[in-house]
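Coordinates as given in upload30.cif (mmCIF, C-alpha atoms):
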data_coords
loop_
_atom_site.label_atom_id
_atom_site.label_comp_id
_atom_site.auth_asym_id
_atom_site.auth_seq_id
_atom_site.Cartn_x
_atom_site.Cartn_y
_atom_site.Cartn_z
CA MET A 1 270.98 -133.69 225.17
CA ASP A 2 271.75 -131.97 228.48
CA PHE A 3 268.09 -131.56 229.46
CA ASP A 4 264.99 -133.67 230.13
CA TYR A 5 262.56 -133.53 227.20
CA ILE A 6 259.03 -132.43 228.06
CA VAL A 7 256.10 -131.45 225.84
CA ARG A 8 254.46 -128.81 228.04
CA ASN A 9 255.16 -126.73 231.15
CA VAL A 10 255.77 -128.46 234.48
CA PRO A 11 255.87 -126.95 238.00
CA GLY A 12 259.34 -126.04 239.23
CA GLN A 13 260.82 -124.41 242.33
CA GLY A 14 258.43 -121.92 243.89
CA ALA A 15 255.55 -122.62 241.51
CA ASN A 16 251.99 -122.39 242.79
CA LEU A 17 250.73 -125.94 242.33
CA ASP A 18 247.11 -124.81 242.64
CA GLU A 19 247.50 -122.93 239.34
CA PHE A 20 248.10 -126.24 237.54
CA THR A 21 244.70 -127.57 238.64
CA ILE A 22 242.28 -128.12 235.76
CA ASP A 23 239.52 -125.75 236.81
CA PHE A 24 238.39 -123.79 233.73
CA GLU A 25 234.73 -124.29 232.89
CA GLY A 26 234.30 -125.99 229.53
CA CYS A 27 231.98 -125.19 226.65
CA THR A 28 228.73 -127.09 226.09
CA CYS A 29 229.07 -127.34 222.30
CA MET A 30 227.82 -130.56 220.73
CA ASP A 31 228.34 -129.20 217.20
CA GLU A 32 231.27 -127.28 215.74
CA CYS A 33 232.79 -124.71 218.13
CA THR A 34 232.40 -121.24 216.58
CA PHE A 35 232.45 -117.61 217.69
CA ASN A 36 229.18 -116.54 219.38
CA SER A 37 228.22 -120.17 220.07
CA CYS A 38 231.23 -121.47 222.02
CA SER A 39 232.09 -120.00 225.44
CA CYS A 40 235.79 -120.66 224.80
CA LEU A 41 235.59 -118.42 221.70
CA ARG A 42 233.89 -115.39 223.25
CA PHE A 43 236.81 -113.20 222.14
CA GLY A 44 236.65 -114.35 218.50
CA GLN A 45 237.54 -117.31 216.30
CA ASN A 46 241.12 -118.42 217.01
CA TYR A 47 241.96 -120.66 214.03
CA ASP A 48 240.85 -121.31 210.47
CA ASP A 49 240.06 -124.74 209.01
CA GLU A 50 243.81 -125.45 208.61
CA GLY A 51 244.61 -124.55 212.21
CA ARG A 52 246.18 -121.21 211.27
CA LEU A 53 245.96 -118.35 213.75
CA LEU A 54 243.40 -115.70 212.74
CA HIS A 55 244.33 -112.95 215.21
CA ALA A 56 246.38 -110.07 213.82
CA ILE A 57 250.05 -109.57 214.63
CA GLY A 58 250.35 -107.70 217.91
CA SER A 59 246.80 -108.56 218.98
CA THR A 60 246.27 -108.81 222.75
CA VAL A 61 242.95 -110.67 222.49
CA PRO A 62 242.94 -113.56 225.02
CA LEU A 63 243.34 -116.92 223.31
CA LEU A 64 241.52 -119.75 225.07
CA GLU A 65 241.40 -123.25 223.61
CA CYS A 66 238.77 -125.90 224.28
CA HIS A 67 239.90 -128.54 226.79
CA GLU A 68 239.04 -131.70 228.68
CA ASN A 69 236.12 -130.06 230.50
CA CYS A 70 234.45 -129.16 227.21
CA SER A 71 231.55 -131.12 225.70
CA CYS A 72 233.18 -130.96 222.27
CA VAL A 73 235.82 -133.52 223.31
CA THR A 74 233.14 -136.20 223.04
CA ARG A 75 232.51 -135.49 219.34
CA GLU A 76 233.78 -137.90 216.72
CA THR A 77 235.40 -135.03 214.77
CA THR A 78 238.40 -133.15 216.19
CA CYS A 79 237.61 -129.72 217.65
CA GLY A 80 239.22 -126.96 215.58
CA ASN A 81 239.88 -124.92 218.71
CA ARG A 82 242.51 -127.32 220.04
CA VAL A 83 245.84 -126.55 218.37
CA VAL A 84 248.63 -125.58 220.78
CA GLN A 85 247.72 -128.34 223.25
CA ASN A 86 248.05 -130.91 220.43
CA GLY A 87 251.77 -130.18 220.19
CA VAL A 88 254.29 -130.04 217.36
CA LYS A 89 253.08 -131.17 213.93
CA PHE A 90 256.05 -130.10 211.78
CA GLN A 91 259.53 -131.51 211.39
CA LEU A 92 261.95 -129.29 213.32
CA GLU A 93 265.73 -129.68 213.27
CA PRO A 94 268.30 -128.40 215.79
CA PHE A 95 271.50 -127.31 214.05
CA TYR A 96 274.74 -125.59 214.97
CA LEU A 97 275.73 -122.04 214.01
CA LYS A 98 279.35 -121.00 214.48
CA ASN A 99 278.66 -117.59 216.05
CA LYS A 100 275.38 -118.25 217.88
CA GLY A 101 275.57 -121.86 219.01
CA TYR A 102 272.58 -124.10 218.40
CA GLY A 103 269.50 -122.94 216.55
CA LEU A 104 266.31 -124.54 215.25
CA ARG A 105 265.20 -124.70 211.62
CA ALA A 106 262.16 -125.88 209.71
CA GLY A 107 262.44 -129.34 208.23
CA GLU A 108 259.56 -128.68 205.85
CA PHE A 109 257.50 -125.84 204.38
CA ILE A 110 255.26 -124.06 206.93
CA LYS A 111 252.38 -121.75 206.05
CA ALA A 112 251.86 -118.33 207.63
CA GLY A 113 249.76 -118.49 210.79
CA GLN A 114 250.46 -122.13 211.60
CA PHE A 115 251.44 -123.15 215.12
CA ILE A 116 255.06 -124.30 215.36
CA ILE A 117 255.89 -125.09 218.99
CA GLU A 118 255.42 -123.75 222.50
CA TYR A 119 258.30 -122.66 224.72
CA ALA A 120 258.06 -125.32 227.42
CA GLY A 121 259.99 -125.59 230.66
CA GLU A 122 259.73 -125.32 234.43
CA ILE A 123 257.36 -122.72 235.82
CA ILE A 124 259.30 -121.08 238.65
CA SER A 125 258.75 -118.19 241.06
CA ARG A 126 260.19 -114.71 240.60
CA ASP A 127 262.63 -115.25 243.48
CA GLU A 128 263.84 -118.51 241.92
CA ALA A 129 264.22 -116.83 238.51
CA ILE A 130 266.40 -114.11 240.05
CA LYS A 131 268.43 -116.71 241.97
CA ARG A 132 269.10 -118.85 238.89
CA SER A 133 269.96 -115.79 236.80
CA GLU A 134 272.45 -114.51 239.38
CA ASN A 135 274.09 -117.94 239.78
CA LYS A 136 274.81 -118.55 236.09
CA SER A 137 278.20 -117.65 234.66
CA PRO A 138 278.58 -114.85 232.07
CA ASN A 139 279.10 -117.44 229.31
CA ASP A 140 276.03 -119.51 230.19
CA HIS A 141 272.95 -119.27 227.99
CA ASN A 142 269.86 -117.77 229.54
CA TYR A 143 266.85 -120.06 229.16
CA ILE A 144 264.46 -118.13 231.43
CA LEU A 145 261.56 -116.62 229.49
CA THR A 146 259.23 -114.18 231.24
CA ILE A 147 255.63 -113.70 230.13
CA VAL A 148 254.31 -110.26 231.12
CA GLU A 149 250.53 -109.85 231.22
CA HIS A 150 248.35 -106.99 232.42
CA VAL A 151 245.07 -108.20 233.91
CA ALA A 152 242.52 -105.90 235.58
CA GLY A 153 245.18 -103.25 236.13
CA LYS A 154 247.65 -105.67 237.67
CA GLU A 155 250.84 -107.13 236.23
CA ARG A 156 251.16 -110.90 236.10
CA LEU A 157 254.58 -112.45 235.47
CA THR A 158 255.15 -116.08 234.51
CA HIS A 159 258.74 -117.36 234.46
CA ILE A 160 259.56 -120.40 232.29
CA ASP A 161 263.04 -121.94 232.67
CA ALA A 162 263.98 -124.29 229.83
CA LYS A 163 267.52 -125.10 231.00
CA LYS A 164 266.98 -128.50 232.64
CA LYS A 165 263.50 -129.45 231.40
CA ALA A 166 262.47 -128.32 227.93
CA ASN A 167 261.48 -129.10 224.37
CA LEU A 168 263.14 -128.04 221.09
CA ALA A 169 261.96 -124.43 221.51
CA ARG A 170 264.95 -123.84 223.83
CA PHE A 171 267.13 -123.81 220.67
CA ILE A 172 265.23 -120.98 218.93
CA ASN A 173 267.38 -117.86 218.60
CA HIS A 174 266.38 -114.23 218.85
CA SER A 175 266.02 -112.01 215.81
CA CYS A 176 265.09 -108.35 215.51
CA GLU A 177 263.33 -109.37 212.27
CA PRO A 178 261.78 -112.75 213.26
CA ASN A 179 259.64 -115.19 211.31
CA LEU A 180 257.75 -116.42 214.40
CA ARG A 181 255.45 -114.47 216.70
CA PRO A 182 254.52 -115.45 220.25
CA TYR A 183 250.99 -115.67 221.57
CA VAL A 184 249.88 -116.41 225.13
CA VAL A 185 247.48 -119.37 225.06
CA ARG A 186 245.46 -121.01 227.84
CA SER A 187 243.38 -124.17 227.84
CA ASP A 188 242.34 -125.85 231.09
CA CYS A 189 244.05 -123.80 233.83
CA ILE A 190 245.51 -120.38 234.62
CA VAL A 191 249.11 -121.38 233.71
CA PRO A 192 249.80 -119.84 230.27
CA HIS A 193 251.48 -121.43 227.27
CA PHE A 194 253.92 -119.41 225.15
CA GLY A 195 252.88 -120.49 221.66
CA LEU A 196 255.01 -119.62 218.63
CA PHE A 197 253.27 -119.14 215.28
CA ALA A 198 254.62 -118.48 211.77
CA MET A 199 254.42 -114.77 210.87
CA ARG A 200 254.83 -115.62 207.19
CA ASP A 201 255.46 -118.63 204.97
CA ILE A 202 258.65 -120.38 206.12
CA GLN A 203 260.76 -122.44 203.73
CA SER A 204 262.29 -125.82 204.52
CA GLY A 205 265.77 -125.31 205.97
CA GLU A 206 265.05 -121.75 207.16
CA GLU A 207 266.09 -120.87 210.71
CA LEU A 208 263.22 -120.23 213.11
CA THR A 209 263.47 -117.06 215.22
CA TYR A 210 261.35 -114.85 217.43
CA ASP A 211 261.90 -111.49 219.13
CA TYR A 212 262.91 -112.05 222.76
CA GLY A 213 261.31 -108.73 223.74
CA GLU A 214 262.12 -105.12 224.49
CA LEU A 215 265.43 -103.99 225.95
CA SER A 216 265.33 -103.43 229.71
CA LYS A 217 265.59 -99.92 231.17
CA GLU A 218 269.12 -100.70 232.31
CA GLN A 219 270.11 -101.78 228.80
CA LEU A 220 268.58 -98.67 227.24
CA ILE A 221 270.53 -96.46 229.63
CA SER A 222 273.87 -98.28 229.52
CA GLN A 223 273.57 -99.94 226.10
CA LYS A 224 275.33 -102.93 227.63
CA GLY A 225 274.56 -106.63 227.33
CA LYS A 226 275.24 -109.58 225.08
CA PRO A 227 275.61 -108.48 221.44
CA CYS A 228 272.81 -109.45 219.07
CA LEU A 229 274.06 -111.45 216.08
CA CYS A 230 270.79 -111.76 214.18
CA GLY A 231 272.11 -109.80 211.18
CA ALA A 232 268.81 -108.04 210.51
CA ALA A 233 268.85 -104.59 208.90
CA ASN A 234 266.97 -103.21 211.91
CA CYS A 235 269.09 -105.04 214.51
CA ARG A 236 269.00 -103.33 217.93
CA GLY A 237 272.54 -104.49 218.65
CA ILE A 238 271.86 -106.02 222.09
CA LEU A 239 269.99 -109.14 223.13
CA PRO A 240 266.93 -108.33 225.27
CA ALA A 241 267.30 -109.28 228.93
CA SER A 242 264.79 -111.23 230.99
CA LEU A 243 262.33 -109.23 233.09
CA PHE A 244 262.04 -110.31 236.71
#
Would you mind writing the structure in this file as structure tokens?
Amino acid sequence: MDFDYIVRNVPGQGANLDEFTIDFEGCTCMDECTFNSCSCLRFGQNYDDEGRLLHAIGSTVPLLECHENCSCVTRETTCGNRVVQNGVKFQLEPFYLKNKGYGLRAGEFIKAGQFIIEYAGEIISRDEAIKRSENKSPNDHNYILTIVEHVAGKERLTHIDAKKKANLARFINHSCEPNLRPYVVRSDCIVPHFGLFAMRDIQSGEELTYDYGELSKEQLISQKGKPCLCGAANCRGILPASLF
């Protein structure tokens, strides 16, 4: 592999190290963490008894997991509100596709709503994201993912670069008709995690895909960019570009 394997985001060039400090207040639950009783679940129950996401597709409800500052970590039973931070639980297999390069496929059956993997990499600043994007050659893959959030009327951007430090999520290709959906998840600090969940049941051997996002204004005007090869009936024809 031409990258260092990591399991969750790490600070990179230009990152605010203070944002990685574990400073979220934990819940005081000594019994099962449930909606209306757990402070981490004030926006609703996140997962069912099998760890499957309960929020509807397209939901913008904040997803906060219990963490090390929570009282529930001292219980003998595992807290059901700790899923993304527990990492990959399914067999995932990188494989090569002639037209698209490497992809990632399921090595076993996965139920709808189950967490697959988070897109992990270096958290970098906007300036560093622009610099790295401008310095790559036209044939290089783009591994910079931008999370766009709107909080209290302000836009918050988080740039994750999975080129040099990453997990297997860096191999997941775009599709205009994906079988994974992203969800922004937080646990113990402000730095978000880009969690990928199954939109539907996924068969063993099936390629895993998610929608990289909307086309940029420049792409909509010029209709230029790398061609999309997802093969979906509703294919937009162009790969979405990163937002900086």
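One distance worth recording is that between CA of Leu63 (chain A) and CA of Thr77 (chain A), which is 21.5 Å.
Nearest-residue note for Pro240 (chain A): choosing from A:Ser71, A:Gln223, A:Ser39, A:Ser125, the minimum distance belongs to A:Gln223, counting all atoms listed in the file.
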Can you list what the PyMOL selection byres ((chain A and resi 8) around 10) grabs from this structure, as a list in words?
Tyr5, Ile6, Val7, Asn9, Val10, Val84, Gln85, Gly87, Ile117, Glu118, Tyr119, Ala120, Gly121, Glu122, Lys165, Ala166, Asn167, His193 and Phe194 of chain A
Please provide the set of residues having any atom within 9 Å of Asn46 (chain A), restricted to all atoms listed in the file, with same-chain residues fewer than 6 positions apart removed, written as a short mmCIF file (atom, residue, chain, number, x, y, z; two decimals) with C-alpha atoms, keeping the file's coordinate frame.
data_model
loop_
_atom_site.label_atom_id
_atom_site.label_comp_id
_atom_site.auth_asym_id
_atom_site.auth_seq_id
_atom_site.Cartn_x
_atom_site.Cartn_y
_atom_site.Cartn_z
CA PHE A 35 232.45 -117.61 217.69
CA ARG A 52 246.18 -121.21 211.27
CA LEU A 53 245.96 -118.35 213.75
CA LEU A 54 243.40 -115.70 212.74
CA HIS A 55 244.33 -112.95 215.21
CA LEU A 63 243.34 -116.92 223.31
CA LEU A 64 241.52 -119.75 225.07
CA GLU A 65 241.40 -123.25 223.61
CA GLY A 80 239.22 -126.96 215.58
CA ASN A 81 239.88 -124.92 218.71
#
Which of these, A:Lys226, A:Arg75, A:Arg170, A:His159, has the shortest distance to Ile130 (chain A) once you count all atoms listed in the file?
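That would be A:His159, the residue with the smallest distance to Ile130 (chain A).
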For the file shown, what are the residues hit by the PyMOL selection byres ((chain A and resi 152-156) around 12), laid out as JSON, numbers by chain?
{"A": [125, 126, 146, 147, 148, 149, 150, 151, 157, 158, 159, 190, 191, 192, 243, 244]}
Counting all atoms listed in the file, which residues sit no farther than 9 Å from the position (263.8, -120.4, 236.6) in the file's frame? I'd like them as a list in words.
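I get Gly12, Gln13, Gly121, Glu122, Ile123, Ile124, Ser125, Arg126, Asp127, Glu128, Ala129, Ile130, Lys131, Arg132, Ser133, Tyr143, Ile144, Leu145, His159, Ile160, Asp161, Ala162 and Lys163 of chain A for the residues within 9 Å of that point.
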Could you pull the residues within 12 Å of region 93-107 of chain A, counting all atoms listed in the file, minus those fewer than 3 positions along the same chain, as a ChimeraX atom specification?
/A:1,88-90,110-111,116-117,139-141,167-175,179-180,198,201-210,226-231,239
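Between CA of Gly225 (chain A) and CA of Ile238 (chain A) lies a distance of 5.9 Å.
The space between CA of Glu32 (chain A) and CA of Cys72 (chain A) spans 7.7 Å.
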Report as JSON, numbers by chain all protein, DNA and RNA residues lying within 12 Å of Thr78 (chain A), evaluated on all atoms listed in the file, omitting residues in the same chain fewer than 4 positions from it.
{"A": [30, 31, 32, 33, 49, 51, 66, 67, 71, 72, 73, 74, 82, 83, 86]}
Judged by all atoms listed in the file, the minimum distance to Gly237 (chain A) among A:Cys176, A:Val184, A:Cys38, A:Cys189 is found for A:Cys176
Output of the PyMOL selection byres ((chain A and resi 57) around 8), listed as a list in words:
His55, Ala56, Gly58, Ser59, Arg181 and Met199 of chain A
Can I get the selection written as a compact mmCIF listing (two decimals), in the coordinates of the input, with C-alpha atoms?
# COMPACT_ATOMS: atom_id res chain seq x y z
CA HIS A 55 244.33 -112.95 215.21
CA ALA A 56 246.38 -110.07 213.82
CA GLY A 58 250.35 -107.70 217.91
CA SER A 59 246.80 -108.56 218.98
CA ARG A 181 255.45 -114.47 216.70
CA MET A 199 254.42 -114.77 210.87
Name the closest residue to Gly113 (chain A) among the candidates A:Ala241, A:Pro11, A:Glu19, A:Gly195; distances are taken between atoms, counting only C-alpha atoms.
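For Gly113 (chain A), the nearest of the candidates is A:Gly195.
Distances to Phe115 (chain A) were evaluated for A:Thr60, A:Leu92, A:Leu196, A:Cys70 using only C-alpha atoms, and the minimum falls at A:Leu196.
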